[in-house]
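Note: the block below is protein_19.cif and it holds mmCIF, C-alpha atoms and all ligand atoms.
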```cif
data_structure
loop_
_atom_site.label_atom_id
_atom_site.label_comp_id
_atom_site.auth_asym_id
_atom_site.auth_seq_id
_atom_site.Cartn_x
_atom_site.Cartn_y
_atom_site.Cartn_z
CA LEU F 4 -13.17 18.33 -7.55
CA PRO F 5 -12.14 14.70 -7.33
CA ALA F 6 -14.86 12.08 -7.38
CA ILE F 7 -15.03 10.10 -4.13
CA VAL F 8 -15.67 6.37 -4.23
CA ARG F 9 -16.02 4.20 -1.18
CA THR F 10 -16.57 0.64 -2.39
CA ARG F 11 -14.59 -1.92 -4.37
CA ALA F 12 -17.46 -2.23 -6.82
CA ASP F 13 -17.70 1.53 -7.46
CA LEU F 14 -13.95 1.82 -7.91
CA ARG F 15 -13.94 -0.90 -10.54
CA ALA F 16 -16.97 0.62 -12.28
CA VAL F 17 -15.50 4.12 -12.42
CA LEU F 18 -12.09 2.88 -13.56
CA ALA F 19 -13.57 0.79 -16.36
CA GLY F 20 -14.06 3.75 -18.66
CA ILE F 21 -11.30 6.05 -17.50
CA PRO F 22 -8.42 7.51 -19.64
CA ARG F 23 -5.17 5.60 -19.30
CA PRO F 24 -2.49 5.43 -18.02
CA VAL F 25 -3.70 5.47 -14.42
CA GLY F 26 -1.37 6.54 -11.60
CA LEU F 27 -2.20 5.37 -8.07
CA VAL F 28 -1.00 7.13 -4.91
CA PRO F 29 -1.76 4.89 -1.92
CA THR F 30 -1.89 6.84 1.37
CA MET F 31 -3.22 6.60 4.90
CA GLY F 32 -4.42 10.21 4.74
CA ALA F 33 -2.89 12.91 6.97
CA LEU F 34 -1.46 14.21 3.72
CA HIS F 35 1.65 16.41 3.88
CA GLY F 36 4.33 17.81 1.57
CA GLY F 37 5.74 14.34 0.90
CA HIS F 38 2.37 13.13 -0.36
CA ARG F 39 1.98 16.33 -2.35
CA SER F 40 5.15 15.50 -4.28
CA LEU F 41 3.77 12.00 -5.05
CA LEU F 42 0.43 13.40 -6.20
CA GLU F 43 2.09 16.04 -8.38
CA ARG F 44 4.38 13.52 -10.01
CA ALA F 45 1.48 11.13 -10.62
CA ARG F 46 -0.44 14.04 -12.16
CA ARG F 47 2.42 14.85 -14.55
CA GLU F 48 2.88 11.24 -15.70
CA ASN F 49 -0.67 9.90 -16.03
CA ALA F 50 -4.00 10.65 -17.70
CA THR F 51 -5.90 9.69 -14.54
CA VAL F 52 -4.75 10.00 -10.92
CA VAL F 53 -6.30 7.88 -8.18
CA ALA F 54 -5.44 8.54 -4.52
CA SER F 55 -6.45 6.08 -1.83
CA LEU F 56 -6.98 7.23 1.75
CA PHE F 57 -7.19 4.28 4.12
CA VAL F 58 -5.71 3.98 7.59
CA ASN F 59 -4.75 0.32 7.42
CA PRO F 60 -5.16 -1.29 10.86
CA LYS F 61 -3.20 -4.40 9.80
CA GLN F 62 0.08 -2.51 9.51
CA PHE F 63 -0.03 -0.99 13.01
CA ASN F 64 1.76 -3.36 15.33
CA ASN F 65 1.01 -0.91 18.17
CA ALA F 66 -2.65 -0.22 19.02
CA ALA F 67 -1.89 3.17 20.59
CA ASP F 68 -0.12 4.30 17.41
CA LEU F 69 -3.24 3.40 15.37
CA VAL F 70 -5.50 5.39 17.70
CA ALA F 71 -3.12 8.37 17.68
CA TYR F 72 -2.62 8.33 13.91
CA PRO F 73 -3.74 11.77 12.65
CA ARG F 74 -7.00 11.91 10.69
CA THR F 75 -7.45 15.05 8.60
CA GLU F 76 -10.01 14.06 5.96
CA ALA F 77 -11.21 17.53 4.94
CA ARG F 78 -7.66 18.82 4.43
CA ASP F 79 -6.71 15.63 2.62
CA LEU F 80 -9.51 16.16 0.12
CA GLU F 81 -8.40 19.77 -0.36
CA MET F 82 -4.88 18.62 -1.23
CA CYS F 83 -6.28 16.04 -3.63
CA ALA F 84 -8.36 18.75 -5.31
CA ALA F 85 -5.41 21.19 -5.43
CA THR F 86 -3.10 18.64 -7.06
CA GLY F 87 -5.66 17.59 -9.66
CA VAL F 88 -6.49 14.11 -8.38
CA ASP F 89 -9.35 12.64 -10.42
CA LEU F 90 -10.57 9.98 -8.04
CA VAL F 91 -10.27 9.47 -4.28
CA PHE F 92 -10.84 5.95 -2.96
CA MET F 93 -11.91 6.20 0.69
CA PRO F 94 -13.06 2.73 1.72
CA ALA F 95 -14.46 1.75 5.11
CA GLN F 96 -12.53 -0.98 6.90
CA ASP F 97 -14.79 -3.85 5.91
CA GLU F 98 -14.70 -2.78 2.29
CA ILE F 99 -10.97 -3.53 2.24
CA TYR F 100 -11.27 -6.42 4.71
CA PRO F 101 -14.71 -7.96 4.22
CA PRO F 102 -16.07 -10.26 6.94
CA GLY F 103 -14.15 -13.52 6.93
CA PHE F 104 -11.06 -11.92 5.41
CA GLU F 105 -8.07 -14.17 6.09
CA THR F 106 -5.49 -13.77 3.33
CA ILE F 107 -2.03 -12.55 4.26
CA VAL F 108 0.53 -11.41 1.71
CA ARG F 109 3.97 -11.87 3.25
CA VAL F 110 7.39 -10.97 1.89
CA PRO F 111 9.28 -12.83 4.59
CA MET F 112 12.93 -12.03 3.89
CA LEU F 113 12.71 -8.33 3.03
CA GLY F 114 9.84 -7.83 5.47
CA SER F 115 11.56 -9.23 8.55
CA LYS F 116 14.69 -7.05 8.66
CA LEU F 117 15.12 -3.50 10.07
CA GLU F 118 11.60 -2.09 10.51
CA GLY F 119 10.15 -5.60 10.36
CA GLU F 120 12.31 -6.72 13.25
CA HIS F 121 11.09 -3.84 15.42
CA ARG F 122 7.50 -3.79 14.16
CA PRO F 123 6.49 -7.47 13.88
CA GLY F 124 3.76 -8.00 11.27
CA HIS F 125 4.02 -4.46 9.93
CA PHE F 126 5.06 -5.44 6.40
CA ASP F 127 2.49 -8.25 6.24
CA GLY F 128 -0.08 -5.52 6.73
CA VAL F 129 1.53 -3.26 4.15
CA ALA F 130 1.99 -5.99 1.53
CA THR F 131 -1.56 -7.25 2.05
CA VAL F 132 -3.27 -3.88 1.71
CA VAL F 133 -1.09 -2.75 -1.20
CA ALA F 134 -1.77 -6.04 -3.04
CA ILE F 135 -5.50 -5.36 -2.62
CA LEU F 136 -5.17 -1.73 -3.74
CA PHE F 137 -3.03 -2.68 -6.75
CA THR F 138 -5.49 -5.37 -7.75
CA LEU F 139 -8.52 -3.10 -7.40
CA ALA F 140 -6.98 -0.09 -9.15
CA GLY F 141 -5.17 -1.94 -11.95
CA ALA F 142 -3.00 1.15 -12.33
CA GLU F 143 -0.08 1.38 -14.73
CA ARG F 144 1.99 3.11 -12.02
CA ALA F 145 1.96 3.56 -8.26
CA TYR F 146 3.95 6.17 -6.36
CA PHE F 147 5.80 5.66 -3.05
CA GLY F 148 8.24 7.80 -1.06
CA GLN F 149 11.87 6.83 -0.68
CA LYS F 150 11.51 7.80 2.99
CA ASP F 151 9.97 4.36 3.52
CA ALA F 152 12.82 2.65 1.67
CA GLN F 153 12.05 -0.82 3.01
CA GLN F 154 8.37 -0.46 2.15
CA LEU F 155 9.41 0.31 -1.43
CA LEU F 156 11.48 -2.87 -1.61
CA VAL F 157 8.71 -4.98 -0.08
CA VAL F 158 6.04 -3.56 -2.39
CA ARG F 159 8.21 -4.00 -5.51
CA ARG F 160 8.96 -7.61 -4.64
CA MET F 161 5.32 -8.33 -3.84
CA ALA F 162 4.11 -6.89 -7.16
CA ARG F 163 6.75 -8.73 -9.16
CA ASP F 164 6.15 -12.04 -7.38
CA LEU F 165 2.37 -11.86 -7.79
CA GLY F 166 2.57 -10.79 -11.44
CA ILE F 167 0.88 -7.46 -10.80
CA ALA F 168 1.81 -5.21 -13.73
CA THR F 169 1.75 -1.91 -11.79
CA GLU F 170 5.14 -0.19 -11.99
CA VAL F 171 6.32 0.96 -8.56
CA VAL F 172 7.77 4.48 -8.84
CA ALA F 173 10.12 5.72 -6.07
CA CYS F 174 10.02 9.44 -5.27
CA PRO F 175 12.67 11.38 -3.31
CA THR F 176 12.20 12.09 0.41
CA VAL F 177 10.83 15.58 1.04
CA ARG F 178 12.47 17.40 3.95
CA ASP F 179 11.78 20.47 6.02
CA PRO F 180 14.47 23.17 5.62
CA ASP F 181 16.29 21.87 8.73
CA GLY F 182 16.56 18.39 7.20
CA LEU F 183 13.78 16.58 9.06
CA ALA F 184 12.03 14.18 6.68
CA ILE F 185 8.35 15.09 6.45
CA SER F 186 6.15 12.51 8.19
CA SER F 187 2.60 12.41 9.51
CA ARG F 188 4.08 11.68 12.91
CA ASN F 189 6.08 14.95 13.07
CA VAL F 190 3.00 16.88 14.22
CA ARG F 191 2.94 14.80 17.40
CA LEU F 192 6.42 15.94 18.48
CA THR F 193 6.65 18.50 21.30
CA PRO F 194 8.46 21.73 20.32
CA ALA F 195 11.63 20.49 22.05
CA GLN F 196 11.43 17.10 20.31
CA ARG F 197 10.75 18.81 16.98
CA ALA F 198 13.85 20.95 17.50
CA ALA F 199 15.90 17.81 18.22
CA ALA F 200 14.50 15.67 15.40
CA PRO F 201 16.81 16.88 12.58
CA VAL F 202 19.49 14.82 14.34
CA LEU F 203 18.39 11.82 12.22
CA HIS F 204 19.33 13.56 8.99
CA ARG F 205 22.49 15.05 10.55
CA SER F 206 23.70 11.63 11.60
CA LEU F 207 22.96 10.16 8.15
CA ARG F 208 24.88 13.03 6.57
CA ALA F 209 27.80 12.49 8.95
CA ALA F 210 28.07 8.86 7.85
CA GLU F 211 27.70 9.89 4.23
CA ALA F 212 30.60 12.34 4.66
CA ARG F 213 32.76 9.56 6.12
CA TRP F 214 31.84 7.33 3.18
CA ALA F 215 32.63 10.13 0.69
CA ALA F 216 36.03 10.45 2.36
CA GLY F 217 36.67 6.77 1.67
CA GLU F 218 35.40 4.93 4.77
CA ARG F 219 34.13 1.49 3.73
CA SER F 220 33.68 -0.22 7.11
CA GLY F 221 30.00 -0.77 7.90
CA GLU F 222 30.72 -0.66 11.62
CA ALA F 223 32.63 2.63 11.34
CA LEU F 224 29.67 4.18 9.50
CA ARG F 225 27.20 2.84 12.08
CA ALA F 226 29.42 4.25 14.84
CA ALA F 227 29.48 7.64 13.08
CA MET F 228 25.67 7.72 13.08
CA ARG F 229 25.43 6.55 16.70
CA ALA F 230 27.90 9.25 17.83
CA VAL F 231 25.78 12.06 16.36
CA LEU F 232 22.59 10.58 17.83
CA ALA F 233 24.21 10.15 21.25
CA ALA F 234 24.87 13.90 21.43
CA GLU F 235 21.11 14.59 21.35
CA PRO F 236 19.62 13.78 24.77
CA LEU F 237 15.98 13.64 23.54
CA ALA F 238 16.82 11.06 20.86
CA ASP F 239 16.56 7.39 21.80
CA PRO F 240 17.91 5.32 18.88
CA GLU F 241 16.20 2.00 18.18
CA TYR F 242 18.57 0.89 15.44
CA VAL F 243 21.09 2.26 12.98
CA SER F 244 21.88 0.25 9.88
CA VAL F 245 24.29 0.13 6.96
CA ALA F 246 22.76 -2.48 4.72
CA ASP F 247 22.90 -3.99 1.28
CA PRO F 248 20.20 -2.02 -0.58
CA ALA F 249 18.88 -5.14 -2.32
CA THR F 250 18.78 -7.66 0.54
CA LEU F 251 18.87 -5.33 3.59
CA ASP F 252 21.59 -7.51 5.15
CA GLU F 253 23.97 -5.55 7.37
CA LEU F 254 27.28 -4.86 5.63
CA ASP F 255 30.72 -5.40 7.18
CA ARG F 256 32.43 -3.80 4.21
CA LEU F 257 30.93 -1.64 1.50
CA THR F 258 31.91 -2.68 -2.00
CA GLY F 259 29.11 -0.90 -3.86
CA ALA F 260 25.84 0.78 -3.02
CA ALA F 261 24.49 0.77 0.54
CA LEU F 262 21.43 1.99 2.43
CA LEU F 263 21.96 3.96 5.64
CA SER F 264 18.82 3.85 7.78
CA MET F 265 17.62 4.29 11.34
CA ALA F 266 14.68 4.45 13.70
CA VAL F 267 14.86 6.88 16.61
CA ARG F 268 12.36 7.48 19.39
CA PHE F 269 11.48 10.86 20.84
CA GLY F 270 9.31 9.94 23.78
CA GLU F 271 6.35 8.04 22.31
CA ILE F 272 7.07 9.13 18.77
CA ARG F 273 9.15 6.90 16.55
CA LEU F 274 10.79 8.48 13.50
CA ILE F 275 12.61 6.76 10.64
CA ASP F 276 14.91 8.11 7.97
CA ASN F 277 17.41 6.79 5.44
CA LEU F 278 19.99 7.82 2.91
CA PRO F 279 21.14 5.72 -0.06
CA LEU F 280 24.89 5.68 -0.76
CA GLY F 281 26.31 5.05 -4.22
O1 LIG F 301 3.08 4.52 3.22
C1 LIG F 301 1.89 4.47 3.59
O2 LIG F 301 1.21 5.48 3.82
C2 LIG F 301 1.24 3.12 3.80
O3 LIG F 301 2.16 2.21 4.27
C3 LIG F 301 0.54 2.60 2.53
C4 LIG F 301 1.55 2.36 1.41
C5 LIG F 301 -0.50 3.58 2.07
C6 LIG F 301 -0.15 1.26 2.81
O4 LIG F 301 -1.14 1.41 3.79
#
```

Transcribe the structure of this file into structure tokens.
Ligand code: PAF
Amino acid sequence: LPAIVRTRADLRAVLAGIPRPVGLVPTMGALHGGHRSLLERARRENATVVASLFVNPKQFNNAADLVAYPRTEARDLEMCAATGVDLVFMPAQDEIYPPGFETIVRVPMLGSKLEGEHRPGHFDGVATVVAILFTLAGAERAYFGQKDAQQLLVVRRMARDLGIATEVVACPTVRDPDGLAISSRNVRLTPAQRAAAPVLHRSLRAAEARWAAGERSGEALRAAMRAVLAAEPLADPEYVSVADPATLDELDRLTGAALLSMAVRFGEIRLIDNLPLG
């Protein structure tokens, strides 16, 4: 069974004598098949695997979303045990943010586009907590899902800028058989919303097919995604994007790689998905 540590001091003490390399899988708990793939990959590539379970209040721009965020600690620990995690870091809030905490890690350009535009402050919260976790764990590698493509970019830039040596490893999005990207928020969908939710992936695939057929207009690809979304009455699109995968600037014309991405609401539940082109 994995050892559980709850304080910064214990984490440092346990990690001091541990076999290297260390692979870190930062999570907010509510572990699902996507996390499982991160844990399994970390297990294959490292001598020691550390998983962190911490629901980070600073990255929730919406208080109701924080309250509703699923908490499944016992099952999370079972998955950690089943995937061979050595150490689970489960800090209380004031262990991560001690009294008087005031530091903010901000990646202003990458963090303000797309998700950042619709969730103000979200990436400040992500970059801040991941900087703390990276610093505490001192891992050789850390594993993140491609599903949160912008988070990956923000975390990579943060680690490089701050001189943190942890290598950020991107892992493919894990999908249900009908194409819906696995997310902790999927369990909150009603059956009708769940049945409608694969429309995100369908619309990404429709744009990808247009691109494969030679379409290079960003606006035509955005329109292709919007058209598929519009045919699903339960889906309320927040944005669709065809962006430069390095800067996240919207593209008029595609001359190389691009990132298709979107956020779509189903009632209260907001889902995101993306698909890299090229
Ligand atoms: O992707 C997540 O679950 C969170 O954003 C992370 C990286 C664990 C930071 O809280």

Could you tell me, counting only C-alpha atoms and all ligand atoms, which protein and nucleic acid residues lie no more than 10 Å from ligand LIG 301 (chain F), written as number ranges by chain?
F: 28-34, 38, 54-63, 125-126, 128-134, 136, 145-151, 154-155, 158, 186-187

Atom CA of F:Pro248 to atom CA of F:Lys116: how many Å, to one decimal?
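Atom CA of F:Lys116 lies 11.9 Å from atom CA of F:Pro248.
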
Among the residues F:Met228, F:Ala50, F:Leu156, F:Val177, the one that comes closest to F:Ser115 [using only C-alpha atoms]
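Residue with the minimum atom-to-atom distance to F:Ser115: F:Leu156.
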
Enumerate, as JSON, numbers by chain, the protein, DNA and RNA residues whose atoms approach (-15.3, 7.0, -8.2) to within 12 Å, taking into account only C-alpha atoms and the coordinate frame of the file.
{"F": [4, 5, 6, 7, 8, 9, 10, 11, 12, 13, 14, 15, 16, 17, 18, 19, 20, 21, 51, 52, 53, 54, 55, 88, 89, 90, 91, 92, 93, 94, 140]}

Okay, now the selection with C-alpha atoms, as a PDB file, in the frame of the given file?
```pdb
ATOM      1  CA  LEU F   4     -13.170  18.330  -7.550  1.00  0.00           C
ATOM      2  CA  PRO F   5     -12.140  14.700  -7.330  1.00  0.00           C
ATOM      3  CA  ALA F   6     -14.860  12.080  -7.380  1.00  0.00           C
ATOM      4  CA  ILE F   7     -15.030  10.100  -4.130  1.00  0.00           C
ATOM      5  CA  VAL F   8     -15.670   6.370  -4.230  1.00  0.00           C
ATOM      6  CA  ARG F   9     -16.020   4.200  -1.180  1.00  0.00           C
ATOM      7  CA  THR F  10     -16.570   0.640  -2.390  1.00  0.00           C
ATOM      8  CA  ARG F  11     -14.590  -1.920  -4.370  1.00  0.00           C
ATOM      9  CA  ALA F  12     -17.460  -2.230  -6.820  1.00  0.00           C
ATOM     10  CA  ASP F  13     -17.700   1.530  -7.460  1.00  0.00           C
ATOM     11  CA  LEU F  14     -13.950   1.820  -7.910  1.00  0.00           C
ATOM     12  CA  ARG F  15     -13.940  -0.900 -10.540  1.00  0.00           C
ATOM     13  CA  ALA F  16     -16.970   0.620 -12.280  1.00  0.00           C
ATOM     14  CA  VAL F  17     -15.500   4.120 -12.420  1.00  0.00           C
ATOM     15  CA  LEU F  18     -12.090   2.880 -13.560  1.00  0.00           C
ATOM     16  CA  ALA F  19     -13.570   0.790 -16.360  1.00  0.00           C
ATOM     17  CA  GLY F  20     -14.060   3.750 -18.660  1.00  0.00           C
ATOM     18  CA  ILE F  21     -11.300   6.050 -17.500  1.00  0.00           C
ATOM     19  CA  THR F  51      -5.900   9.690 -14.540  1.00  0.00           C
ATOM     20  CA  VAL F  52      -4.750  10.000 -10.920  1.00  0.00           C
ATOM     21  CA  VAL F  53      -6.300   7.880  -8.180  1.00  0.00           C
ATOM     22  CA  ALA F  54      -5.440   8.540  -4.520  1.00  0.00           C
ATOM     23  CA  SER F  55      -6.450   6.080  -1.830  1.00  0.00           C
ATOM     24  CA  VAL F  88      -6.490  14.110  -8.380  1.00  0.00           C
ATOM     25  CA  ASP F  89      -9.350  12.640 -10.420  1.00  0.00           C
ATOM     26  CA  LEU F  90     -10.570   9.980  -8.040  1.00  0.00           C
ATOM     27  CA  VAL F  91     -10.270   9.470  -4.280  1.00  0.00           C
ATOM     28  CA  PHE F  92     -10.840   5.950  -2.960  1.00  0.00           C
ATOM     29  CA  MET F  93     -11.910   6.200   0.690  1.00  0.00           C
ATOM     30  CA  PRO F  94     -13.060   2.730   1.720  1.00  0.00           C
ATOM     31  CA  ALA F 140      -6.980  -0.090  -9.150  1.00  0.00           C
TER      32      ALA F 140
END
```

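Atom to atom, atom CA of F:Ser244 and atom CA of F:Pro180 stand 24.5 Å apart.
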
I'd like the neighbourhood of F:Ala215 as a PyMOL selection string, where a residue qualifies if any of its atoms comes within 10 Å (using all atoms listed in the file), though same-chain residues fewer than 4 positions away should be ignored.
chain F and resi 209-211+219+280-281

Applying 6 Å and only C-alpha atoms, which residues near stretch 161-170 of chain F remain after dropping the ones on its own chain fewer than 3 positions away? List them as a ChimeraX atom specification.
/F:142-144,158
